[in-house]
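Have a look at the structure below before the remarks.
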Amino acid sequence: MFKILTLNQISIKGLERLPRNQYEIASEFTAPDAILLRSHKLAPADIAPSVKAIARAGAGTNNVPVADCTARGIPVFNSPGANANAVKELVISGLTLGSRGILQGIAYVNTLGDMKDGAELAKLLEKEKKRFKGNELAGRTLGIVGLGAIGSLIAHAALDLGMNVVGYDPALSVDAAWRLPSAVKRMENLGSLFSRADYITLHLPVLDATRGLVNAELLSNCKPGCCLLNFAREEIVNVDSVIEALEAGKLRQFITDFPTPELIGRDDVILMPHIGASTDEAEDNCAIMAANQLDDFLCNGNITNSVNFPSLQLERSGKARLAVVNRNVPKILGSILSILADADINIVDMLNKSRDEIAYNLIDVGSEVSDALLADIEALDGVIKVRHI
Ligand SMILES: NC(=O)c1ccc[n+]([C@@H]2O[C@H](COP(=O)([O-])OP(=O)(O)OC[C@H]3O[C@@H](n4cnc5c(N)ncnc54)[C@H](O)[C@@H]3O)[C@@H](O)[C@H]2O)c1
Ligand SMILES: O=C(O)[C@H](O)COP(=O)(O)O
């Protein structure tokens, strides 16, 4: 029986992927086998020694201490693309809210509750509506920073709205490049994107290299009247620089899913409470993907969509399976295989892959493996974790 610790509310459709005869699921456990979470901020000390895997039902894993998990031999999974459509739809709403006086118009109408004469009300609204006039998106240029799962969906939607689209992504994967519409113009650097766009939307992860990326220097490139949207992460944008750019008229509006105190109450800012992925569909998709990946790892040792481990799947064969995590240095695999050979244990199938500083091995053997032999493998210099599945 595996114990799964949930640190956020996880969609029931995902939890149903973890059958009750194999899994106990609760929000409190002292020695869980795995952690399933969304945006809960996890500290290294919160990860019990019993934890074998962590699954983030969502895209960003900046709330998980990934480097610490790698050092401890714990794979961290996420759900790439599973909430991308939800974010795309909210960004399209952001674009329309940023181009017309929609929120201001709604707020104005709501002040008129005392007017009881319908004809008078209609006359007043016809007189006042010019205050809420805006501009169309068609013909304007949208700059997309980060052209992965979300950025590429937004590129398609913006082109459908008649916008021109320019994009920047220095780490674009081949798969992501295939998904991009050919009409997206590739920008060589962020400065060029910022100087061309009427609207700029951010869809990149927070990393050491992207923290504070949108700063005063970059914002100085903006066309006056530009509108910036941040549905990626708070840390990517320097809020003081954004406020200065708003006050200098460099930016007309800032629309974000990550409010900070100094932004609240400003007329030139639209704040949402981190609801980019808050749809039934996205919550179900993310939870199902995360739970399936966790199940396949705990039951078979297979790894799909990990942010720190290599991707690796091996059909089950033989009597038992060993899953071994070790430092990615020569000779360790040879030492593991020698221990098995000395114990007369035949290897039926095996797969070994590495990613950065760690290597991961699935070894199917023809006979049962004793606890003493597992302890010998675990005691090898450079071996981080051994599981007998
Ligand atoms: N508001 C929300 O609720 C919400 C929901 C989902 C995701 N997000 C955030 O959006 C981010 C992107 O999500 P995704 O699903 O599109 O991820 P993704 O991994 O599919 O795409 C991210 C893209 O950013 C690119 N990138 C990396 N560094 C870059 C840089 N310096 N400049 C430009 N591009 C760079 C990558 O190459 C990749 O193509 C997530 O990491 C998460 O932080 C927010
Ligand atoms: O990175 C993500 O997937 C989003 O920020 C969604 O976060 P949430 O699952 O807490 O809504």
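Lettering and numbering for the structure tokens are positional, with chains as A, B, ... in the shown order, residues counted from 1 in each chain, and ligands counted from 1 in the shown order.
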Checklist entry - Leaving out segment 147-157 of chain A and any residue of its chain fewer than 4 positions from it, which residues lie within 6 Å of it when counting only C-alpha atoms, given as a PyMOL selection string? => result chain A and resi 81+84+88+169+176+180+203
Hey, which residues sit close to ligand 1? Say within 9 Å, counting only C-alpha atoms and all ligand atoms, and write them as a JSON list (two decimals) with N, CA and C atoms, in the first residue's frame.
```json
[["chain", "number", "residue", "atom", "x", "y", "z"],
["A", 58, "GLY", "N", 0.23, 20.48, -12.40],
["A", 58, "GLY", "CA", 0.32, 21.81, -12.98],
["A", 58, "GLY", "C", 1.65, 21.94, -13.70],
["A", 59, "ALA", "N", 1.96, 23.16, -14.15],
["A", 59, "ALA", "CA", 3.16, 23.35, -14.99],
["A", 59, "ALA", "C", 4.39, 23.76, -14.17],
["A", 60, "GLY", "N", 4.27, 24.85, -13.41],
["A", 60, "GLY", "CA", 5.45, 25.43, -12.74],
["A", 60, "GLY", "C", 5.85, 24.60, -11.53],
["A", 61, "THR", "N", 7.17, 24.33, -11.39],
["A", 61, "THR", "CA", 7.65, 23.56, -10.23],
["A", 61, "THR", "C", 8.55, 24.42, -9.35],
["A", 62, "ASN", "N", 8.40, 25.75, -9.45],
["A", 62, "ASN", "CA", 9.25, 26.62, -8.65],
["A", 62, "ASN", "C", 8.86, 26.60, -7.17],
["A", 79, "SER", "N", 2.87, 18.46, -15.10],
["A", 79, "SER", "CA", 1.82, 18.08, -16.06],
["A", 79, "SER", "C", 1.89, 19.01, -17.27],
["A", 80, "PRO", "N", 2.90, 18.83, -18.13],
["A", 80, "PRO", "CA", 3.09, 19.80, -19.21],
["A", 80, "PRO", "C", 1.89, 19.90, -20.15],
["A", 81, "GLY", "N", 1.45, 21.12, -20.37],
["A", 81, "GLY", "CA", 0.38, 21.38, -21.33],
["A", 81, "GLY", "C", -1.03, 21.12, -20.80],
["A", 82, "ALA", "N", -1.14, 20.47, -19.61],
["A", 82, "ALA", "CA", -2.47, 20.03, -19.18],
["A", 82, "ALA", "C", -3.39, 21.20, -18.79],
["A", 83, "ASN", "N", -2.81, 22.35, -18.46],
["A", 83, "ASN", "CA", -3.67, 23.50, -18.14],
["A", 83, "ASN", "C", -3.49, 24.64, -19.15],
["A", 84, "ALA", "N", -2.82, 24.35, -20.28],
["A", 84, "ALA", "CA", -2.47, 25.42, -21.22],
["A", 84, "ALA", "C", -3.71, 26.10, -21.82],
["A", 86, "ALA", "N", -6.63, 26.54, -20.49],
["A", 86, "ALA", "CA", -7.26, 27.42, -19.49],
["A", 86, "ALA", "C", -6.52, 28.76, -19.44],
["A", 87, "VAL", "N", -5.18, 28.70, -19.46],
["A", 87, "VAL", "CA", -4.41, 29.95, -19.40],
["A", 87, "VAL", "C", -4.63, 30.75, -20.69],
["A", 90, "LEU", "N", -7.79, 32.69, -20.52],
["A", 90, "LEU", "CA", -7.75, 33.84, -19.61],
["A", 90, "LEU", "C", -6.91, 34.98, -20.21],
["A", 144, "ILE", "N", 4.95, 37.51, -27.77],
["A", 144, "ILE", "CA", 4.83, 36.39, -26.83],
["A", 144, "ILE", "C", 6.24, 35.97, -26.40],
["A", 145, "VAL", "N", 6.49, 36.04, -25.09],
["A", 145, "VAL", "CA", 7.79, 35.62, -24.56],
["A", 145, "VAL", "C", 7.61, 34.22, -23.97],
["A", 146, "GLY", "N", 8.21, 33.22, -24.62],
["A", 146, "GLY", "CA", 8.02, 31.82, -24.21],
["A", 146, "GLY", "C", 6.97, 31.19, -25.11],
["A", 147, "LEU", "N", 7.44, 30.29, -25.99],
["A", 147, "LEU", "CA", 6.51, 29.74, -27.00],
["A", 147, "LEU", "C", 6.26, 28.25, -26.78],
["A", 148, "GLY", "N", 6.13, 27.87, -25.50],
["A", 148, "GLY", "CA", 5.87, 26.46, -25.17],
["A", 148, "GLY", "C", 4.38, 26.16, -25.27],
["A", 149, "ALA", "N", 3.88, 25.33, -24.35],
["A", 149, "ALA", "CA", 2.49, 24.85, -24.42],
["A", 149, "ALA", "C", 1.50, 26.02, -24.45],
["A", 150, "ILE", "N", 1.67, 26.99, -23.55],
["A", 150, "ILE", "CA", 0.71, 28.10, -23.48],
["A", 150, "ILE", "C", 0.98, 29.12, -24.59],
["A", 151, "GLY", "N", 2.24, 29.50, -24.75],
["A", 151, "GLY", "CA", 2.59, 30.52, -25.75],
["A", 151, "GLY", "C", 2.12, 30.13, -27.14],
["A", 152, "SER", "N", 2.25, 28.86, -27.50],
["A", 152, "SER", "CA", 1.87, 28.47, -28.87],
["A", 152, "SER", "C", 0.35, 28.50, -29.05],
["A", 153, "LEU", "N", -0.41, 28.12, -28.01],
["A", 153, "LEU", "CA", -1.88, 28.20, -28.12],
["A", 153, "LEU", "C", -2.31, 29.67, -28.26],
["A", 167, "GLY", "N", 7.46, 36.53, -31.60],
["A", 167, "GLY", "CA", 7.76, 35.66, -30.45],
["A", 167, "GLY", "C", 9.24, 35.58, -30.16],
["A", 168, "TYR", "N", 9.54, 35.26, -28.89],
["A", 168, "TYR", "CA", 10.95, 35.08, -28.48],
["A", 168, "TYR", "C", 11.02, 33.88, -27.55],
["A", 169, "ASP", "N", 11.90, 32.94, -27.87],
["A", 169, "ASP", "CA", 12.10, 31.77, -27.00],
["A", 169, "ASP", "C", 13.46, 31.16, -27.33],
["A", 170, "PRO", "N", 14.48, 31.47, -26.51],
["A", 170, "PRO", "CA", 15.83, 31.00, -26.84],
["A", 170, "PRO", "C", 16.02, 29.51, -26.59],
["A", 171, "ALA", "N", 15.04, 28.85, -25.92],
["A", 171, "ALA", "CA", 15.22, 27.43, -25.59],
["A", 171, "ALA", "C", 14.11, 26.58, -26.20],
["A", 172, "LEU", "N", 13.55, 27.06, -27.30],
["A", 172, "LEU", "CA", 12.39, 26.39, -27.92],
["A", 172, "LEU", "C", 12.72, 24.93, -28.28],
["A", 173, "SER", "N", 11.86, 23.99, -27.85],
["A", 173, "SER", "CA", 12.11, 22.58, -28.19],
["A", 173, "SER", "C", 11.64, 22.33, -29.63],
["A", 176, "ALA", "N", 7.89, 21.92, -29.71],
["A", 176, "ALA", "CA", 7.18, 23.21, -29.58],
["A", 176, "ALA", "C", 7.27, 23.99, -30.89],
["A", 177, "ALA", "N", 8.41, 23.91, -31.56],
["A", 177, "ALA", "CA", 8.57, 24.62, -32.83],
["A", 177, "ALA", "C", 7.57, 24.08, -33.87],
["A", 189, "ASN", "N", 15.96, 38.96, -30.08],
["A", 189, "ASN", "CA", 16.18, 39.28, -28.66],
["A", 189, "ASN", "C", 14.94, 39.95, -28.09],
["A", 190, "LEU", "N", 14.94, 40.03, -26.75],
["A", 190, "LEU", "CA", 13.76, 40.57, -26.07],
["A", 190, "LEU", "C", 13.53, 42.04, -26.37],
["A", 202, "LEU", "N", 3.73, 37.11, -21.18],
["A", 202, "LEU", "CA", 4.87, 36.30, -20.71],
["A", 202, "LEU", "C", 4.42, 34.87, -20.43],
["A", 203, "HIS", "N", 5.13, 33.89, -21.01],
["A", 203, "HIS", "CA", 4.78, 32.47, -20.80],
["A", 203, "HIS", "C", 6.02, 31.61, -20.70],
["A", 204, "LEU", "N", 6.90, 32.02, -19.75],
["A", 204, "LEU", "CA", 8.15, 31.30, -19.55],
["A", 204, "LEU", "C", 8.25, 30.92, -18.08],
["A", 205, "PRO", "N", 9.08, 29.92, -17.75],
["A", 205, "PRO", "CA", 9.17, 29.52, -16.34],
["A", 205, "PRO", "C", 10.05, 30.48, -15.54],
["A", 206, "VAL", "N", 9.87, 30.50, -14.22],
["A", 206, "VAL", "CA", 10.81, 31.27, -13.40],
["A", 206, "VAL", "C", 12.01, 30.37, -13.13],
["A", 207, "LEU", "N", 13.18, 30.88, -13.54],
["A", 207, "LEU", "CA", 14.46, 30.18, -13.37],
["A", 207, "LEU", "C", 15.43, 31.25, -12.88],
["A", 209, "ALA", "N", 17.76, 32.39, -14.50],
["A", 209, "ALA", "CA", 18.00, 33.26, -15.66],
["A", 209, "ALA", "C", 16.81, 34.16, -15.99],
["A", 210, "THR", "N", 15.62, 33.85, -15.47],
["A", 210, "THR", "CA", 14.44, 34.66, -15.85],
["A", 210, "THR", "C", 13.89, 35.49, -14.70],
["A", 213, "LEU", "N", 13.57, 39.35, -15.10],
["A", 213, "LEU", "CA", 13.89, 39.56, -16.53],
["A", 213, "LEU", "C", 13.26, 40.85, -17.07],
["A", 230, "ASN", "N", 1.20, 39.44, -17.46],
["A", 230, "ASN", "CA", 2.03, 38.41, -16.81],
["A", 230, "ASN", "C", 1.14, 37.33, -16.20],
["A", 231, "PHE", "N", 1.03, 36.23, -16.92],
["A", 231, "PHE", "CA", 0.32, 35.06, -16.39],
["A", 231, "PHE", "C", 1.32, 33.93, -16.15],
["A", 232, "ALA", "N", 2.64, 34.30, -16.05],
["A", 232, "ALA", "CA", 3.67, 33.27, -15.89],
["A", 232, "ALA", "C", 4.04, 33.12, -14.40],
["A", 233, "ARG", "N", 4.75, 34.07, -13.84],
["A", 233, "ARG", "CA", 5.10, 34.06, -12.43],
["A", 233, "ARG", "C", 5.47, 35.47, -11.99],
["A", 234, "GLU", "N", 5.14, 35.78, -10.74],
["A", 234, "GLU", "CA", 5.44, 37.11, -10.16],
["A", 234, "GLU", "C", 6.93, 37.47, -10.31],
["A", 256, "THR", "N", -2.11, 41.16, -14.62],
["A", 256, "THR", "CA", -1.34, 40.04, -14.06],
["A", 256, "THR", "C", -2.18, 39.11, -13.20],
["A", 257, "ASP", "N", -1.74, 37.86, -13.17],
["A", 257, "ASP", "CA", -2.35, 36.83, -12.33],
["A", 257, "ASP", "C", -1.65, 36.78, -10.97],
["A", 258, "PHE", "N", -0.69, 37.71, -10.73],
["A", 258, "PHE", "CA", 0.14, 37.65, -9.52],
["A", 258, "PHE", "C", 0.17, 39.01, -8.83],
["A", 273, "PRO", "N", -6.52, 36.70, -9.14],
["A", 273, "PRO", "CA", -5.94, 35.96, -8.00],
["A", 273, "PRO", "C", -5.34, 34.60, -8.39],
["A", 274, "HIS", "N", -4.40, 34.56, -9.29],
["A", 274, "HIS", "CA", -3.74, 33.32, -9.77],
["A", 274, "HIS", "C", -4.80, 32.28, -10.17],
["A", 275, "ILE", "N", -5.62, 32.65, -11.17],
["A", 275, "ILE", "CA", -6.70, 31.75, -11.60],
["A", 275, "ILE", "C", -6.47, 31.21, -13.02],
["A", 276, "GLY", "N", -5.23, 31.35, -13.51],
["A", 276, "GLY", "CA", -4.94, 30.90, -14.88],
["A", 276, "GLY", "C", -5.35, 29.46, -15.13],
["A", 277, "ALA", "N", -5.13, 28.58, -14.14],
["A", 277, "ALA", "CA", -5.40, 27.15, -14.34],
["A", 277, "ALA", "C", -6.66, 26.72, -13.59],
["A", 278, "SER", "N", -7.44, 27.69, -13.11],
["A", 278, "SER", "CA", -8.59, 27.33, -12.27],
["A", 278, "SER", "C", -9.85, 27.12, -13.11]]
```
Checklist entry - A:Ala372, A:Ala122, A:Ala26, A:Val324: which is nearest Arg387 of chain A, counting only C-alpha atoms? => result A:Val324
Next on the checklist: Which residues are close to segment 301-315 of chain A, i.e. within 6 Å by only C-alpha atoms, leaving aside same-chain residues fewer than 2 positions away? Reply as JSON, numbers by chain.
Outcome noted: {"A": [75, 76, 77, 296, 297, 298, 354, 355]}
Would you mind exporting C-alpha atoms of the selected residues as a short mmCIF file (atom, residue, chain, number, x, y, z; two decimals), in the first residue's frame?
```cif
data_model
loop_
_atom_site.label_atom_id
_atom_site.label_comp_id
_atom_site.auth_asym_id
_atom_site.auth_seq_id
_atom_site.Cartn_x
_atom_site.Cartn_y
_atom_site.Cartn_z
CA PRO A 75 12.02 12.58 -9.19
CA VAL A 76 9.74 15.62 -9.49
CA PHE A 77 6.95 15.32 -12.06
CA ASP A 296 3.61 4.28 -13.12
CA PHE A 297 6.67 5.39 -11.14
CA LEU A 298 5.63 3.85 -7.83
CA SER A 354 21.28 9.95 -17.25
CA ARG A 355 20.34 13.60 -16.92
#
```
Next on the checklist: I'd like the neighbourhood of Arg211 of chain A as a list in words, where a residue qualifies if any of its atoms comes within 6 Å (using only C-alpha atoms), though same-chain residues fewer than 3 positions away should be ignored.
Outcome noted: Val206, Asp208, Glu235 and Ile236 of chain A
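Proximity to ligand 2 was assessed for A:Asp68, A:Asp284, A:Asp381, A:Glu136 counting only C-alpha atoms and all ligand atoms; the smallest distance is recorded for A:Asp284.
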Next on the checklist: Excluding Leu95 of chain A and its own-chain neighbours fewer than 4 positions away, which residues fall within 9 Å of it when counting only C-alpha atoms? Please give them as a PyMOL selection string.
Outcome noted: chain A and resi 90-91+99-100+137+199+227+229+255
Item to check | Selection near segment 214-218 of chain A, 7 Å with only C-alpha atoms, sequence-local residues under 3 positions removed, as a PyMOL selection string | outcome: chain A and resi 191+221+236-238+241
Next on the checklist: Ranking A:Phe132, A:Arg321, A:Ile363, A:Leu228 by minimum distance to Val109 of chain A and counting only C-alpha atoms, which one comes first?
Outcome noted: A:Phe132
Checklist entry - Expressed in Å to a single decimal, how great is the separation between atom CA of Pro224 of chain A and atom CA of Lys185 of chain A? => result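 Answer for the atom CA of Pro224 of chain A to atom CA of Lys185 of chain A separation: 21.3 Å.
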Next on the checklist: as a list in words, please: the residues near segment 123-127 of chain A (cut-off 10 Å, only C-alpha atoms, same-chain neighbours under 6 positions excluded).
Outcome noted: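 Near segment 123-127 of chain A, the qualifying residues are Gly105, Tyr108, Val109 and Leu112 of chain A.
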Selection to disk with N, CA and C atoms, as a PDB file, in the first residue's frame:
```pdb
ATOM      1  N   GLY A 105     -16.686  50.232 -17.604  1.00  0.00           N
ATOM      2  CA  GLY A 105     -18.085  50.372 -18.009  1.00  0.00           C
ATOM      3  C   GLY A 105     -19.012  49.583 -17.088  1.00  0.00           C
ATOM      4  N   TYR A 108     -19.230  51.333 -13.790  1.00  0.00           N
ATOM      5  CA  TYR A 108     -20.080  52.534 -13.879  1.00  0.00           C
ATOM      6  C   TYR A 108     -21.563  52.155 -13.815  1.00  0.00           C
ATOM      7  N   VAL A 109     -21.952  51.150 -14.618  1.00  0.00           N
ATOM      8  CA  VAL A 109     -23.376  50.759 -14.636  1.00  0.00           C
ATOM      9  C   VAL A 109     -23.820  50.343 -13.227  1.00  0.00           C
ATOM     10  N   LEU A 112     -25.403  52.846 -10.797  1.00  0.00           N
ATOM     11  CA  LEU A 112     -26.667  53.497 -11.160  1.00  0.00           C
ATOM     12  C   LEU A 112     -27.900  52.767 -10.614  1.00  0.00           C
TER      13      LEU A 112
END
```
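Comparing A:Ala43, A:Ile200, A:Leu15, A:Ala290 by their smallest distance to ligand 2, the closest is A:Ala290 (using only C-alpha atoms and all ligand atoms).
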